[in-house]
>>> print(open('run-v3.csv').read())   # CSV, C-alpha atoms
chain,number,residue,atom,x,y,z
A,13,MET,CA,0.0,0.0,0.0
A,14,LEU,CA,2.8,2.4,0.9
A,15,ARG,CA,4.7,1.6,-2.2
A,16,THR,CA,1.6,2.3,-4.4
A,17,THR,CA,1.0,5.6,-2.6
A,18,THR,CA,4.6,6.6,-3.0
A,19,ALA,CA,4.5,5.7,-6.7
A,20,LEU,CA,1.3,7.7,-7.3
A,21,LEU,CA,2.7,10.7,-5.5
A,22,ALA,CA,6.0,10.6,-7.5
A,23,THR,CA,4.0,10.4,-10.7
A,24,ALA,CA,1.8,13.3,-9.7
A,25,LEU,CA,4.8,15.4,-8.9
A,26,ALA,CA,6.5,14.6,-12.2
A,27,LEU,CA,3.4,15.5,-14.2
A,28,ALA,CA,3.0,18.8,-12.3
A,29,SER,CA,6.5,19.8,-12.9
A,30,ALA,CA,6.3,18.7,-16.6
A,31,CYS,CA,3.5,21.2,-17.1
A,32,ARG,CA,5.3,24.1,-15.4
A,33,ALA,CA,6.8,26.5,-17.9
A,34,PRO,CA,10.1,28.1,-17.0
A,35,SER,CA,9.8,31.6,-15.6
A,36,GLY,CA,11.8,34.5,-16.9
A,37,GLN,CA,11.8,38.2,-17.6
A,38,ASP,CA,12.6,39.2,-21.2
A,39,VAL,CA,13.1,42.9,-20.5
A,40,PRO,CA,15.7,44.5,-18.2
A,41,LEU,CA,14.8,44.4,-14.5
A,42,PRO,CA,15.2,47.8,-12.9
A,43,ASP,CA,17.4,48.2,-9.8
A,44,LEU,CA,14.9,47.5,-7.1
A,45,SER,CA,17.3,48.4,-4.3
A,46,VAL,CA,16.8,52.2,-4.9
A,47,PRO,CA,13.6,54.2,-4.8
A,48,PHE,CA,11.9,54.8,-8.1
A,49,GLU,CA,12.3,58.5,-9.0
A,50,ARG,CA,12.2,58.7,-12.8
A,51,LEU,CA,9.9,61.3,-14.3
A,52,ASP,CA,10.5,60.1,-17.9
A,53,ALA,CA,9.1,56.6,-17.2
A,54,GLY,CA,6.6,54.7,-15.0
A,55,ARG,CA,7.3,51.4,-13.2
A,56,VAL,CA,5.0,48.5,-13.6
A,57,TYR,CA,4.8,45.4,-11.3
A,58,VAL,CA,2.7,42.4,-12.2
A,59,TYR,CA,2.2,39.5,-9.8
A,60,ARG,CA,-0.2,36.6,-9.3
A,61,SER,CA,-2.8,36.6,-6.5
A,62,ALA,CA,-2.3,34.1,-3.7
A,63,GLN,CA,-5.0,31.7,-5.0
A,64,ALA,CA,-4.1,28.1,-5.4
A,65,ALA,CA,-5.9,27.5,-8.7
A,66,GLY,CA,-3.7,27.2,-11.7
A,67,THR,CA,-0.4,27.4,-9.9
A,68,VAL,CA,1.3,24.7,-11.8
A,69,ARG,CA,0.8,26.7,-15.0
A,70,SER,CA,2.5,30.0,-15.8
A,71,LEU,CA,1.3,33.4,-17.0
A,72,GLU,CA,2.8,35.2,-20.0
A,73,VAL,CA,2.7,39.0,-19.9
A,74,TYR,CA,3.0,41.4,-22.9
A,75,ASP,CA,3.3,45.2,-22.8
A,76,GLY,CA,1.7,45.9,-26.2
A,77,PRO,CA,3.6,43.7,-28.7
A,78,ARG,CA,6.6,43.3,-26.4
A,79,ARG,CA,6.8,40.1,-24.3
A,80,VAL,CA,7.8,41.1,-20.8
A,81,GLY,CA,8.1,37.6,-19.4
A,82,THR,CA,6.5,34.6,-17.8
A,83,ILE,CA,5.8,34.2,-14.1
A,84,GLY,CA,4.8,31.4,-11.8
A,85,ARG,CA,2.9,31.6,-8.5
A,86,ASN,CA,5.5,33.2,-6.2
A,87,GLU,CA,7.2,35.6,-8.7
A,88,PHE,CA,6.6,39.0,-10.1
A,89,LEU,CA,7.6,41.0,-13.1
A,90,CYS,CA,8.9,44.6,-13.0
A,91,TRP,CA,9.9,46.9,-15.7
A,92,ASP,CA,10.1,50.6,-16.5
A,93,ARG,CA,8.3,52.0,-19.6
A,94,PRO,CA,7.7,55.4,-21.2
A,95,PRO,CA,4.5,57.2,-20.1
A,96,GLY,CA,1.4,56.5,-22.2
A,97,ARG,CA,-1.4,54.0,-22.9
A,98,ASN,CA,-0.8,50.5,-24.0
A,99,PRO,CA,-2.7,47.2,-23.8
A,100,LEU,CA,-1.3,44.8,-21.2
A,101,VAL,CA,-2.0,41.2,-22.4
A,102,VAL,CA,-1.9,38.3,-19.9
A,103,VAL,CA,-2.0,34.8,-21.1
A,104,TYR,CA,-2.7,31.8,-18.8
A,105,GLU,CA,-1.1,28.7,-20.3
A,106,GLY,CA,-4.0,26.4,-19.7
A,107,PRO,CA,-4.0,22.7,-20.4
A,108,ARG,CA,-5.3,21.6,-23.8
A,109,ILE,CA,-7.9,19.3,-22.2
A,110,ASP,CA,-9.5,22.5,-20.7
A,111,GLY,CA,-9.4,24.4,-24.0
A,112,GLY,CA,-5.8,25.7,-23.9
A,113,ASN,CA,-4.6,29.2,-23.3
A,114,ARG,CA,-6.8,32.0,-21.9
A,115,GLU,CA,-6.0,35.6,-22.4
A,116,SER,CA,-7.1,39.0,-21.0
A,117,VAL,CA,-6.4,42.5,-22.1
A,118,PHE,CA,-5.9,45.3,-19.5
A,119,ASP,CA,-5.8,49.0,-20.4
A,120,LEU,CA,-2.4,50.0,-19.0
A,121,MET,CA,-2.0,53.8,-18.6
A,122,VAL,CA,1.5,54.6,-17.4
A,123,VAL,CA,2.2,58.0,-15.9
A,124,GLY,CA,5.8,59.3,-15.6
A,125,GLY,CA,7.2,59.1,-12.0
A,126,GLU,CA,4.5,56.6,-10.8
A,127,GLU,CA,4.6,53.0,-9.8
A,128,GLN,CA,1.7,50.6,-10.7
A,129,PHE,CA,1.0,47.3,-9.1
A,130,LEU,CA,-1.2,44.9,-11.0
A,131,GLU,CA,-2.5,41.6,-9.5
A,132,VAL,CA,-3.6,38.8,-11.8
A,133,HIS,CA,-6.3,36.4,-10.6
A,134,LEU,CA,-7.7,33.4,-12.4
A,135,GLU,CA,-11.5,33.7,-12.6
A,136,GLY,CA,-13.9,30.8,-12.3
A,137,GLY,CA,-13.7,27.3,-13.7
A,138,ARG,CA,-12.3,28.4,-17.1
A,139,LYS,CA,-9.4,30.1,-15.3
A,140,LYS,CA,-9.5,33.3,-17.4
A,141,PRO,CA,-6.9,35.8,-16.1
A,142,SER,CA,-8.3,39.0,-14.6
A,143,VAL,CA,-6.0,42.0,-14.0
A,144,ARG,CA,-6.7,44.6,-11.3
A,145,ARG,CA,-4.8,47.6,-10.1
A,146,VAL,CA,-4.0,47.6,-6.4
A,147,ASP,CA,-2.8,50.4,-4.2
A,148,GLY,CA,0.9,50.9,-3.5
A,149,ALA,CA,0.8,49.5,0.1
A,150,THR,CA,-1.0,46.3,-1.0
A,151,GLY,CA,1.3,45.9,-4.1
A,152,ARG,CA,4.5,46.5,-2.2
A,153,ALA,CA,3.5,43.9,0.5
A,154,ALA,CA,2.7,41.3,-2.2
A,155,VAL,CA,5.9,41.9,-4.1
A,156,ALA,CA,7.9,41.6,-0.9
A,157,GLU,CA,6.5,38.1,-0.5
A,158,ARG,CA,7.6,37.1,-4.1
A,159,GLU,CA,10.8,36.8,-6.1
A,160,PRO,CA,11.6,38.3,-9.5
A,161,PRO,CA,12.2,35.6,-12.1
A,162,ARG,CA,15.6,35.2,-13.7
A,163,VAL,CA,16.2,37.8,-16.3
A,164,THR,CA,16.7,36.6,-19.9
A,165,ALA,CA,17.1,40.0,-21.4
A,166,PRO,CA,20.6,41.1,-22.6
>>> encode(input="run-v3.csv", output="structure tokens")
Amino acid sequence: MLRTTTALLATALALASACRAPSGQDVPLPDLSVPFERLDAGRVYVYRSAQAAGTVRSLEVYDGPRRVGTIGRNEFLCWDRPPGRNPLVVVYEGPRIDGGNRESVFDLMVVGGEEQFLEVHLEGGRKKPSVRRVDGATGRAAVAEREPPRVTAP
């Protein structure tokens, strides 16, 4: 009985890790050890909510046509961008058996000198990503509990 349980657990763990896409940030990560004080850019943070649903799958984030990166459950993305409006596209890499990827578009308006914190939550049984802006205190606390992914940008 114990041998069967161990084998089932090992198989489940192998399948879960096989589904997990590698995380990475494709754009430069700003120096987070110093306060953000640029007036010619805004700083954007994107992180996943603390929900358990969909945690073995990653989220891809695009700032307009530019891919920012991919994050798992306990990570965040952070980048500086020029002021202005751009669509932020978030893609949940869903399993094919459930219909595959789900995507949401968020109207990202960046103001020079400001930081924005965006939380992604997977909605309902279809696990469609939903993006919401949170206040600075909530966002900073959430980011402090997470890690930035490895940077793949030059």
>>> atom_distance(input="run-v3.csv", atom1="atom CA of Asp147 of chain A", atom2="atom CA of Gly81 of chain A")
22.7 Å
>>> closest_residue(input="run-v3.csv", among="A:Arg97, A:Arg60, A:Arg79, A:Arg152", to="Val123 of chain A", atoms="only C-alpha atoms")
A:Arg97
>>> residues_around(input="run-v3.csv", residues="Glu159 of chain A", least_positions_apart="6", cutoff="8 Å", atoms="all atoms listed in the file", output="number ranges by chain")
A: 86-88
>>> write_last_selection(input="run-v3.csv", atoms="C-alpha atoms", output="PDB file, in the frame of the given file")
ATOM      1  CA  ASN A  86       5.500  33.200  -6.200  1.00  0.00           C
ATOM      2  CA  GLU A  87       7.200  35.600  -8.700  1.00  0.00           C
ATOM      3  CA  PHE A  88       6.600  39.000 -10.100  1.00  0.00           C
TER       4      PHE A  88
END
>>> closest_residue(input="run-v3.csv", among="A:Val122, A:Leu44, A:Val132, A:Val56", to="Arg85 of chain A", atoms="all atoms listed in the file")
A:Val132
>>> residues_around(input="run-v3.csv", residues="Val73 of chain A", least_positions_apart="2", cutoff="6 Å", atoms="all atoms listed in the file", output="MDAnalysis selection string")
chainID A and resid 80:81 101:102
>>> write_last_selection(input="run-v3.csv", atoms="C-alpha atoms", output="PDB file, in the coordinates of the input")
ATOM      1  CA  VAL A  80       7.800  41.100 -20.800  1.00  0.00           C
ATOM      2  CA  GLY A  81       8.100  37.600 -19.400  1.00  0.00           C
ATOM      3  CA  VAL A 101      -2.000  41.200 -22.400  1.00  0.00           C
ATOM      4  CA  VAL A 102      -1.900  38.300 -19.900  1.00  0.00           C
TER       5      VAL A 102
END
>>> closest_residue(input="run-v3.csv", among="A:Leu51, A:Val46, A:Ala154, A:Val39", to="Arg78 of chain A", atoms="only C-alpha atoms")
A:Val39
>>> atom_distance(input="run-v3.csv", atom1="atom CA of Pro95 of chain A", atom2="atom CA of Glu126 of chain A")
9.3 Å
>>> residues_near_point(input="run-v3.csv", point="(12.3, 47.9, -7.3)", cutoff="12 Å", atoms="all atoms listed in the file", output="list in words")
Pro40, Leu41, Pro42, Asp43, Leu44, Ser45, Val46, Pro47, Phe48, Glu49, Gly54, Arg55, Val56, Tyr57, Phe88, Leu89, Cys90, Trp91, Asp92, Glu127, Gln128, Phe129, Gly151, Arg152, Val155, Ala156, Glu159 and Pro160 of chain A
>>> atom_distance(input="run-v3.csv", atom1="atom CA of Val117 of chain A", atom2="atom CA of Gly148 of chain A")
21.7 Å
>>> residues_around(input="run-v3.csv", residues="His133 of chain A", least_positions_apart="2", cutoff="7 Å", atoms="all atoms listed in the file", output="PyMOL selection string")
chain A and resi 60-61+131+135+141-143
